$ cat final35.pdb   # PDB, C-alpha atoms, pLDDT in the B column
MODEL        1
ATOM      1  CA  MET X   1     -64.627  72.912  14.465  1.00 62.00           C
ATOM      2  CA  SER X   2     -66.701  70.252  12.690  1.00 89.00           C
ATOM      3  CA  ASP X   3     -64.644  67.638  14.554  1.00 96.00           C
ATOM      4  CA  THR X   4     -65.814  68.958  17.953  1.00 98.00           C
ATOM      5  CA  CYS X   5     -69.118  68.627  19.763  1.00 98.00           C
ATOM      6  CA  ILE X   6     -70.560  69.860  23.048  1.00 98.00           C
ATOM      7  CA  LEU X   7     -71.754  67.145  25.441  1.00 98.00           C
ATOM      8  CA  ILE X   8     -74.239  67.948  28.210  1.00 98.00           C
ATOM      9  CA  PRO X   9     -75.336  65.302  30.729  1.00 97.00           C
ATOM     10  CA  THR X  10     -78.560  66.199  32.504  1.00 96.00           C
ATOM     11  CA  TYR X  11     -80.831  64.878  35.224  1.00 95.00           C
ATOM     12  CA  ASN X  12     -83.926  66.833  36.272  1.00 94.00           C
ATOM     13  CA  ASN X  13     -82.660  70.228  35.076  1.00 94.00           C
ATOM     14  CA  ALA X  14     -85.921  71.378  33.483  1.00 94.00           C
ATOM     15  CA  GLY X  15     -85.450  74.947  34.683  1.00 92.00           C
ATOM     16  CA  THR X  16     -82.039  75.491  33.084  1.00 94.00           C
ATOM     17  CA  ILE X  17     -81.415  72.913  30.346  1.00 96.00           C
ATOM     18  CA  ALA X  18     -83.099  74.757  27.452  1.00 97.00           C
ATOM     19  CA  GLY X  19     -81.174  77.978  28.094  1.00 96.00           C
ATOM     20  CA  VAL X  20     -77.878  76.116  28.438  1.00 97.00           C
ATOM     21  CA  VAL X  21     -78.488  74.214  25.198  1.00 98.00           C
ATOM     22  CA  ARG X  22     -79.450  77.349  23.240  1.00 98.00           C
ATOM     23  CA  ARG X  23     -76.291  79.123  24.382  1.00 98.00           C
ATOM     24  CA  ALA X  24     -74.242  76.035  23.509  1.00 98.00           C
ATOM     25  CA  LEU X  25     -75.748  75.957  20.007  1.00 98.00           C
ATOM     26  CA  ASP X  26     -74.754  79.598  19.589  1.00 97.00           C
ATOM     27  CA  GLN X  27     -71.104  78.437  19.666  1.00 97.00           C
ATOM     28  CA  GLY X  28     -71.587  76.820  16.248  1.00 96.00           C
ATOM     29  CA  LEU X  29     -70.978  73.240  17.407  1.00 98.00           C
ATOM     30  CA  SER X  30     -73.128  70.121  17.384  1.00 98.00           C
ATOM     31  CA  VAL X  31     -74.697  69.412  20.768  1.00 98.00           C
ATOM     32  CA  ILE X  32     -75.331  66.010  22.347  1.00 98.00           C
ATOM     33  CA  VAL X  33     -77.514  65.836  25.472  1.00 98.00           C
ATOM     34  CA  VAL X  34     -77.605  62.696  27.600  1.00 98.00           C
ATOM     35  CA  ASP X  35     -80.848  62.661  29.584  1.00 97.00           C
ATOM     36  CA  ASP X  36     -80.047  60.446  32.552  1.00 95.00           C
ATOM     37  CA  GLY X  37     -83.566  59.275  33.366  1.00 94.00           C
ATOM     38  CA  SER X  38     -85.097  62.679  34.130  1.00 95.00           C
ATOM     39  CA  THR X  39     -88.532  62.592  35.712  1.00 93.00           C
ATOM     40  CA  ASP X  40     -89.369  66.313  35.541  1.00 93.00           C
ATOM     41  CA  GLY X  41     -89.937  68.467  32.452  1.00 92.00           C
ATOM     42  CA  THR X  42     -86.436  68.068  31.021  1.00 95.00           C
ATOM     43  CA  SER X  43     -87.604  66.057  28.001  1.00 93.00           C
ATOM     44  CA  ALA X  44     -90.268  68.644  27.163  1.00 95.00           C
ATOM     45  CA  ALA X  45     -87.736  71.472  27.528  1.00 96.00           C
ATOM     46  CA  LEU X  46     -85.494  69.788  24.953  1.00 95.00           C
ATOM     47  CA  ALA X  47     -88.294  69.277  22.420  1.00 94.00           C
ATOM     48  CA  GLY X  48     -87.792  71.253  19.240  1.00 91.00           C
ATOM     49  CA  LEU X  49     -84.129  72.068  19.883  1.00 96.00           C
ATOM     50  CA  ASP X  50     -81.603  71.085  17.206  1.00 96.00           C
ATOM     51  CA  VAL X  51     -79.701  68.630  19.388  1.00 97.00           C
ATOM     52  CA  THR X  52     -79.066  64.908  19.615  1.00 97.00           C
ATOM     53  CA  VAL X  53     -80.792  63.579  22.741  1.00 97.00           C
ATOM     54  CA  LEU X  54     -79.731  60.236  24.188  1.00 97.00           C
ATOM     55  CA  ARG X  55     -81.949  58.970  26.976  1.00 95.00           C
ATOM     56  CA  GLN X  56     -81.109  56.282  29.495  1.00 92.00           C
ATOM     57  CA  ASP X  57     -83.636  54.848  31.962  1.00 91.00           C
ATOM     58  CA  PRO X  58     -83.594  54.651  34.881  1.00 91.00           C
ATOM     59  CA  ASN X  59     -81.228  57.282  36.281  1.00 90.00           C
ATOM     60  CA  ARG X  60     -77.747  55.707  36.350  1.00 93.00           C
ATOM     61  CA  GLY X  61     -75.466  58.532  37.475  1.00 91.00           C
ATOM     62  CA  LYS X  62     -73.414  61.293  35.884  1.00 92.00           C
ATOM     63  CA  GLY X  63     -70.439  59.035  35.212  1.00 93.00           C
ATOM     64  CA  ILE X  64     -72.524  56.617  33.157  1.00 95.00           C
ATOM     65  CA  ALA X  65     -74.147  59.536  31.317  1.00 96.00           C
ATOM     66  CA  LEU X  66     -70.731  60.958  30.436  1.00 96.00           C
ATOM     67  CA  ARG X  67     -69.498  57.548  29.311  1.00 96.00           C
ATOM     68  CA  THR X  68     -72.565  57.163  27.084  1.00 97.00           C
ATOM     69  CA  GLY X  69     -72.067  60.628  25.602  1.00 98.00           C
ATOM     70  CA  LEU X  70     -68.319  60.278  25.008  1.00 98.00           C
ATOM     71  CA  ARG X  71     -68.804  56.948  23.262  1.00 97.00           C
ATOM     72  CA  ALA X  72     -71.610  58.392  21.140  1.00 98.00           C
ATOM     73  CA  ALA X  73     -69.460  61.378  20.172  1.00 98.00           C
ATOM     74  CA  ARG X  74     -66.629  59.081  19.135  1.00 97.00           C
ATOM     75  CA  GLU X  75     -68.989  56.835  17.137  1.00 97.00           C
ATOM     76  CA  ARG X  76     -70.300  59.912  15.298  1.00 97.00           C
ATOM     77  CA  GLY X  77     -66.780  60.799  14.147  1.00 97.00           C
ATOM     78  CA  PHE X  78     -65.987  63.647  16.529  1.00 98.00           C
ATOM     79  CA  ARG X  79     -62.382  63.943  17.687  1.00 97.00           C
ATOM     80  CA  TYR X  80     -63.040  66.317  20.578  1.00 98.00           C
ATOM     81  CA  ALA X  81     -65.886  66.831  23.019  1.00 98.00           C
ATOM     82  CA  VAL X  82     -66.509  69.804  25.302  1.00 98.00           C
ATOM     83  CA  THR X  83     -68.430  68.765  28.405  1.00 98.00           C
ATOM     84  CA  LEU X  84     -70.413  71.223  30.502  1.00 97.00           C
ATOM     85  CA  ASP X  85     -73.086  70.961  33.168  1.00 95.00           C
ATOM     86  CA  ALA X  86     -76.801  71.450  32.604  1.00 95.00           C
ATOM     87  CA  ASP X  87     -77.437  73.439  35.790  1.00 94.00           C
ATOM     88  CA  GLY X  88     -76.341  76.787  34.344  1.00 94.00           C
ATOM     89  CA  GLN X  89     -73.142  77.216  36.338  1.00 92.00           C
ATOM     90  CA  HIS X  90     -70.923  77.132  33.240  1.00 95.00           C
ATOM     91  CA  TYR X  91     -70.831  79.771  30.511  1.00 97.00           C
ATOM     92  CA  PRO X  92     -71.059  78.165  27.050  1.00 98.00           C
ATOM     93  CA  GLU X  93     -69.603  81.451  25.802  1.00 98.00           C
ATOM     94  CA  ASP X  94     -66.285  80.298  27.318  1.00 98.00           C
ATOM     95  CA  VAL X  95     -66.102  77.291  24.976  1.00 98.00           C
ATOM     96  CA  PRO X  96     -63.837  79.154  22.466  1.00 97.00           C
ATOM     97  CA  ALA X  97     -61.250  79.646  25.217  1.00 98.00           C
ATOM     98  CA  LEU X  98     -61.077  75.892  25.770  1.00 98.00           C
ATOM     99  CA  LEU X  99     -60.885  75.217  22.028  1.00 98.00           C
ATOM    100  CA  ALA X 100     -58.001  77.663  21.652  1.00 97.00           C
ATOM    101  CA  ALA X 101     -55.957  75.726  24.215  1.00 97.00           C
ATOM    102  CA  GLY X 102     -56.779  72.279  22.836  1.00 96.00           C
ATOM    103  CA  GLY X 103     -54.862  69.933  20.594  1.00 93.00           C
ATOM    104  CA  PRO X 104     -53.891  66.272  20.141  1.00 91.00           C
ATOM    105  CA  ARG X 105     -53.333  64.477  23.448  1.00 95.00           C
ATOM    106  CA  THR X 106     -54.356  67.622  25.338  1.00 98.00           C
ATOM    107  CA  LEU X 107     -57.107  67.661  27.950  1.00 98.00           C
ATOM    108  CA  VAL X 108     -58.228  71.210  28.703  1.00 98.00           C
ATOM    109  CA  VAL X 109     -59.675  71.818  32.164  1.00 97.00           C
ATOM    110  CA  GLY X 110     -61.961  74.819  32.636  1.00 97.00           C
ATOM    111  CA  SER X 111     -60.844  76.221  35.977  1.00 94.00           C
ATOM    112  CA  ARG X 112     -63.329  78.141  38.103  1.00 90.00           C
ATOM    113  CA  ASN X 113     -62.391  80.904  40.516  1.00 84.00           C
ATOM    114  CA  LEU X 114     -62.815  79.122  43.844  1.00 71.00           C
ATOM    115  CA  SER X 115     -62.996  82.427  45.717  1.00 70.00           C
ATOM    116  CA  ALA X 116     -65.698  83.884  43.460  1.00 64.00           C
ATOM    117  CA  ASP X 117     -68.779  85.433  45.013  1.00 54.00           C
ATOM    118  CA  GLY X 118     -71.495  82.855  45.475  1.00 60.00           C
ATOM    119  CA  MET X 119     -69.188  79.830  45.435  1.00 63.00           C
ATOM    120  CA  PRO X 120     -70.594  77.457  48.088  1.00 63.00           C
ATOM    121  CA  SER X 121     -68.071  76.935  50.892  1.00 59.00           C
ATOM    122  CA  GLY X 122     -68.553  73.181  50.645  1.00 59.00           C
ATOM    123  CA  ASN X 123     -67.527  73.277  46.983  1.00 65.00           C
ATOM    124  CA  THR X 124     -64.383  75.228  47.814  1.00 72.00           C
ATOM    125  CA  PHE X 125     -63.305  72.769  50.503  1.00 73.00           C
ATOM    126  CA  ALA X 126     -64.091  69.702  48.389  1.00 75.00           C
ATOM    127  CA  ASN X 127     -62.143  71.111  45.457  1.00 81.00           C
ATOM    128  CA  LYS X 128     -59.054  71.934  47.498  1.00 85.00           C
ATOM    129  CA  PHE X 129     -59.253  68.461  49.040  1.00 85.00           C
ATOM    130  CA  SER X 130     -59.488  66.901  45.571  1.00 87.00           C
ATOM    131  CA  ASN X 131     -56.647  69.071  44.216  1.00 92.00           C
ATOM    132  CA  PHE X 132     -54.344  67.851  46.990  1.00 93.00           C
ATOM    133  CA  TRP X 133     -54.979  64.174  46.301  1.00 94.00           C
ATOM    134  CA  PHE X 134     -54.747  64.662  42.538  1.00 95.00           C
ATOM    135  CA  ALA X 135     -51.291  66.240  42.921  1.00 96.00           C
ATOM    136  CA  LEU X 136     -50.209  63.336  45.133  1.00 96.00           C
ATOM    137  CA  GLN X 137     -51.498  60.716  42.700  1.00 97.00           C
ATOM    138  CA  THR X 138     -50.179  62.260  39.478  1.00 97.00           C
ATOM    139  CA  LEU X 139     -47.385  64.703  40.450  1.00 95.00           C
ATOM    140  CA  HIS X 140     -49.363  67.342  38.515  1.00 95.00           C
ATOM    141  CA  ARG X 141     -51.042  70.418  39.956  1.00 94.00           C
ATOM    142  CA  LEU X 142     -54.359  71.775  38.708  1.00 95.00           C
ATOM    143  CA  PRO X 143     -56.395  74.610  40.243  1.00 93.00           C
ATOM    144  CA  ASP X 144     -59.777  72.900  39.746  1.00 93.00           C
ATOM    145  CA  THR X 145     -59.952  69.114  39.516  1.00 93.00           C
ATOM    146  CA  GLN X 146     -63.715  68.878  40.064  1.00 89.00           C
ATOM    147  CA  THR X 147     -64.944  71.054  37.231  1.00 92.00           C
ATOM    148  CA  GLY X 148     -67.206  69.438  34.653  1.00 94.00           C
ATOM    149  CA  PHE X 149     -66.255  72.023  32.005  1.00 97.00           C
ATOM    150  CA  ARG X 150     -63.554  70.306  29.942  1.00 98.00           C
ATOM    151  CA  LEU X 151     -62.317  69.640  26.421  1.00 98.00           C
ATOM    152  CA  TYR X 152     -61.558  65.953  25.902  1.00 98.00           C
ATOM    153  CA  PRO X 153     -59.412  64.532  23.055  1.00 98.00           C
ATOM    154  CA  LEU X 154     -61.563  61.496  22.315  1.00 97.00           C
ATOM    155  CA  GLU X 155     -58.945  59.441  20.493  1.00 96.00           C
ATOM    156  CA  SER X 156     -56.414  59.718  23.334  1.00 96.00           C
ATOM    157  CA  LEU X 157     -58.576  59.099  26.390  1.00 96.00           C
ATOM    158  CA  PRO X 158     -58.049  56.122  28.704  1.00 95.00           C
ATOM    159  CA  PRO X 159     -60.556  53.263  28.322  1.00 94.00           C
ATOM    160  CA  LEU X 160     -63.966  54.664  29.227  1.00 94.00           C
ATOM    161  CA  TRP X 161     -64.924  51.554  31.219  1.00 91.00           C
ATOM    162  CA  LEU X 162     -62.581  52.885  33.916  1.00 89.00           C
ATOM    163  CA  MET X 163     -65.100  55.654  34.668  1.00 89.00           C
ATOM    164  CA  THR X 164     -67.165  55.158  37.807  1.00 85.00           C
ATOM    165  CA  ALA X 165     -70.911  55.740  37.909  1.00 83.00           C
ATOM    166  CA  ARG X 166     -71.266  59.104  39.625  1.00 78.00           C
ATOM    167  CA  TYR X 167     -69.518  62.443  40.208  1.00 73.00           C
ATOM    168  CA  GLU X 168     -66.126  60.904  40.910  1.00 84.00           C
ATOM    169  CA  ALA X 169     -65.997  59.616  37.305  1.00 90.00           C
ATOM    170  CA  GLU X 170     -64.541  62.920  36.119  1.00 92.00           C
ATOM    171  CA  LEU X 171     -61.747  62.729  38.694  1.00 91.00           C
ATOM    172  CA  THR X 172     -60.981  59.132  37.691  1.00 93.00           C
ATOM    173  CA  LEU X 173     -60.746  60.106  34.026  1.00 95.00           C
ATOM    174  CA  LEU X 174     -58.464  63.026  34.891  1.00 96.00           C
ATOM    175  CA  VAL X 175     -56.083  60.849  36.938  1.00 97.00           C
ATOM    176  CA  PHE X 176     -55.822  58.108  34.314  1.00 97.00           C
ATOM    177  CA  SER X 177     -55.314  60.737  31.602  1.00 97.00           C
ATOM    178  CA  ALA X 178     -52.343  62.124  33.549  1.00 97.00           C
ATOM    179  CA  TRP X 179     -50.907  58.624  33.925  1.00 96.00           C
ATOM    180  CA  ARG X 180     -51.444  58.093  30.205  1.00 95.00           C
ATOM    181  CA  GLY X 181     -49.273  61.123  29.439  1.00 95.00           C
ATOM    182  CA  LEU X 182     -51.903  63.588  28.197  1.00 97.00           C
ATOM    183  CA  ARG X 183     -51.123  67.273  28.571  1.00 97.00           C
ATOM    184  CA  LEU X 184     -53.418  68.819  31.184  1.00 97.00           C
ATOM    185  CA  ILE X 185     -54.025  72.495  30.491  1.00 98.00           C
ATOM    186  CA  PRO X 186     -56.062  74.677  32.896  1.00 97.00           C
ATOM    187  CA  VAL X 187     -58.002  77.569  31.359  1.00 98.00           C
ATOM    188  CA  PRO X 188     -59.847  80.151  33.510  1.00 96.00           C
ATOM    189  CA  VAL X 189     -63.624  80.096  33.039  1.00 96.00           C
ATOM    190  CA  ARG X 190     -66.517  81.954  34.620  1.00 94.00           C
ATOM    191  CA  VAL X 191     -69.011  80.378  36.987  1.00 91.00           C
ATOM    192  CA  ALA X 192     -72.556  81.290  38.056  1.00 89.00           C
ATOM    193  CA  TYR X 193     -75.101  79.858  40.466  1.00 79.00           C
ATOM    194  CA  PRO X 194     -78.624  80.568  39.100  1.00 68.00           C
ATOM    195  CA  GLU X 195     -81.506  80.610  41.556  1.00 66.00           C
ATOM    196  CA  ASP X 196     -83.226  77.760  39.699  1.00 61.00           C
ATOM    197  CA  ARG X 197     -80.053  75.679  39.604  1.00 59.00           C
ATOM    198  CA  VAL X 198     -80.560  72.062  40.697  1.00 60.00           C
ATOM    199  CA  SER X 199     -77.578  70.197  42.130  1.00 60.00           C
ATOM    200  CA  HIS X 200     -77.656  66.456  42.780  1.00 55.00           C
ATOM    201  CA  PHE X 201     -74.420  66.405  44.760  1.00 58.00           C
ATOM    202  CA  ARG X 202     -74.964  64.669  48.120  1.00 60.00           C
ATOM    203  CA  PRO X 203     -72.258  66.025  50.438  1.00 59.00           C
ATOM    204  CA  LEU X 204     -71.927  63.110  52.852  1.00 61.00           C
ATOM    205  CA  ALA X 205     -72.447  60.193  50.468  1.00 64.00           C
ATOM    206  CA  ASP X 206     -70.504  61.658  47.548  1.00 64.00           C
ATOM    207  CA  PHE X 207     -67.653  62.983  49.688  1.00 70.00           C
ATOM    208  CA  SER X 208     -67.311  59.563  51.349  1.00 74.00           C
ATOM    209  CA  ARG X 209     -67.243  57.830  47.975  1.00 75.00           C
ATOM    210  CA  ILE X 210     -64.649  60.284  46.626  1.00 80.00           C
ATOM    211  CA  SER X 211     -62.486  59.685  49.715  1.00 82.00           C
ATOM    212  CA  LEU X 212     -62.593  55.917  49.141  1.00 86.00           C
ATOM    213  CA  LEU X 213     -61.744  56.458  45.483  1.00 87.00           C
ATOM    214  CA  ASN X 214     -58.749  58.624  46.376  1.00 90.00           C
ATOM    215  CA  THR X 215     -57.461  55.918  48.707  1.00 92.00           C
ATOM    216  CA  GLY X 216     -57.668  53.374  45.908  1.00 93.00           C
ATOM    217  CA  LEU X 217     -56.045  55.725  43.380  1.00 94.00           C
ATOM    218  CA  CYS X 218     -53.131  56.401  45.743  1.00 96.00           C
ATOM    219  CA  LEU X 219     -52.472  52.671  46.035  1.00 96.00           C
ATOM    220  CA  LEU X 220     -52.800  52.255  42.276  1.00 96.00           C
ATOM    221  CA  ALA X 221     -50.401  55.152  41.734  1.00 97.00           C
ATOM    222  CA  LEU X 222     -47.670  53.189  43.530  1.00 96.00           C
ATOM    223  CA  VAL X 223     -47.976  50.097  41.362  1.00 95.00           C
ATOM    224  CA  TYR X 224     -49.122  51.604  38.065  1.00 96.00           C
ATOM    225  CA  GLY X 225     -49.332  55.394  37.887  1.00 96.00           C
ATOM    226  CA  TYR X 226     -45.816  56.368  38.998  1.00 96.00           C
ATOM    227  CA  PRO X 227     -44.081  53.559  37.026  1.00 96.00           C
ATOM    228  CA  SER X 228     -46.057  54.474  33.891  1.00 95.00           C
ATOM    229  CA  MET X 229     -45.091  58.137  34.125  1.00 94.00           C
ATOM    230  CA  LEU X 230     -41.446  57.261  34.829  1.00 94.00           C
ATOM    231  CA  LEU X 231     -41.178  54.870  31.901  1.00 93.00           C
ATOM    232  CA  ARG X 232     -42.815  57.376  29.571  1.00 90.00           C
ATOM    233  CA  LYS X 233     -40.373  60.070  30.664  1.00 87.00           C
ATOM    234  CA  LEU X 234     -37.338  57.781  30.238  1.00 89.00           C
ATOM    235  CA  PHE X 235     -38.322  56.690  26.721  1.00 84.00           C
ATOM    236  CA  LYS X 236     -39.189  60.278  25.761  1.00 77.00           C
ATOM    237  CA  ASN X 237     -35.695  61.444  26.738  1.00 64.00           C
ATOM    238  CA  LYS X 238     -33.937  58.760  24.703  1.00 56.00           C
TER     239      LYS X 238
ENDMDL
END
$ encode --input "final35.pdb" --output "structure tokens"
Amino acid sequence: MSDTCILIPTYNNAGTIAGVVRRALDQGLSVIVVDDGSTDGTSAALAGLDVTVLRQDPNRGKGIALRTGLRAARERGFRYAVTLDADGQHYPEDVPALLAAGGPRTLVVGSRNLSADGMPSGNTFANKFSNFWFALQTLHRLPDTQTGFRLYPLESLPPLWLMTARYEAELTLLVFSAWRGLRLIPVPVRVAYPEDRVSHFRPLADFSRISLLNTGLCLLALVYGYPSMLLRKLFKNK
């Protein structure tokens, strides 16, 4: 497990970040927090905790924070990184389940129960919408393509510059990983919505941007994604 770290991007999560980090540390792994230009008490909440804190100013978006953290994890010699959100919706106690399913060239996707009590209806619709387009673009089916709770094999990932700046970065990385031939393994995980949870998802703006991204990925699938998967399958069968 010394080759695996936990990566937590955060932006103005002062009410939840310390608890999330403490529970992550309880899993026995190194923790890297990317503070994406927080302007509340996030920095103070992290003070004194045994974590690596990377700060970027000003706020640049979750995708950039993830890119920064994944590169830092790789530079520090880690081979795998578990990502989870700072708002308290993920259970760090579920990290062992992701680790058990991991391996070389395997991207483990922590899959939430979309019908769970307390799941915002907007989240459910957006996820089903995303799942449909992901299946069309990659010919793979996953139950939760928007979760931020994942285990990434750092040495096998697509080039990180492909990641966009905001929430859709995780979808982009998932699509290119499928085209690259990584195994995509869904693992059930729990989800919670604490009262002090802060979400920076902007339904109209972010949904519009994700829709534009999906249009571009569908076009790219025709000229790159499908041919790449076909060629990989043909050479694998020889």
$ resolve_selection --input "final35.pdb" --expression "the PyMOL selection byres ((chain X and resi 26-42) around 8)" --output "ChimeraX atom specification"
/X:1-2,4-15,17,21-25,43-46,50-62,65-66,68-69,73,92-93,95-96
$ resolve_selection --input "final35.pdb" --expression "the PyMOL selection byres ((chain X and resi 156-171) around 6)" --output "list in words"
Gly61, Lys62, Gly63, Ile64, Arg105, Pro153, Leu154, Glu155, Thr172, Leu173, Leu174 and Ile210 of chain X
$ resolve_selection --input "final35.pdb" --expression "the PyMOL selection byres ((chain X and resi 84) around 7)" --output "short mmCIF file (atom, residue, chain, number, x, y, z; two decimals) with C-alpha atoms, in the coordinates of the input"
data_model
loop_
_atom_site.label_atom_id
_atom_site.label_comp_id
_atom_site.auth_asym_id
_atom_site.auth_seq_id
_atom_site.Cartn_x
_atom_site.Cartn_y
_atom_site.Cartn_z
CA LEU X 7 -71.75 67.14 25.44
CA ILE X 8 -74.24 67.95 28.21
CA VAL X 82 -66.51 69.80 25.30
CA THR X 83 -68.43 68.76 28.40
CA ASP X 85 -73.09 70.96 33.17
CA ALA X 86 -76.80 71.45 32.60
CA HIS X 90 -70.92 77.13 33.24
CA GLY X 148 -67.21 69.44 34.65
CA PHE X 149 -66.26 72.02 32.01
CA ARG X 150 -63.55 70.31 29.94
#
$ closest_atom_pairs --input "final35.pdb" --of "segment 122-158 of chain X" --to "segment 227-237 of chain X" --cutoff "12 Å" --atoms "all atoms listed in the file" --output "CSV"
residue,atom,partner,partner_atom,distance
X:Gln137,CA,X:Met229,CA,11.0
X:Thr138,CA,X:Met229,CA,8.5
X:Leu139,CA,X:Met229,CA,9.4
X:His140,CA,X:Met229,CA,11.1
$ atom_distance --input "final35.pdb" --atom1 "atom CA of Leu70 of chain X" --atom2 "atom CA of Leu151 of chain X"
11.2 Å
$ atom_distance --input "final35.pdb" --atom1 "atom CA of Leu136 of chain X" --atom2 "atom CA of Leu184 of chain X"
15.3 Å
$ atom_distance --input "final35.pdb" --atom1 "atom CA of Tyr152 of chain X" --atom2 "atom CA of Leu213 of chain X"
21.8 Å
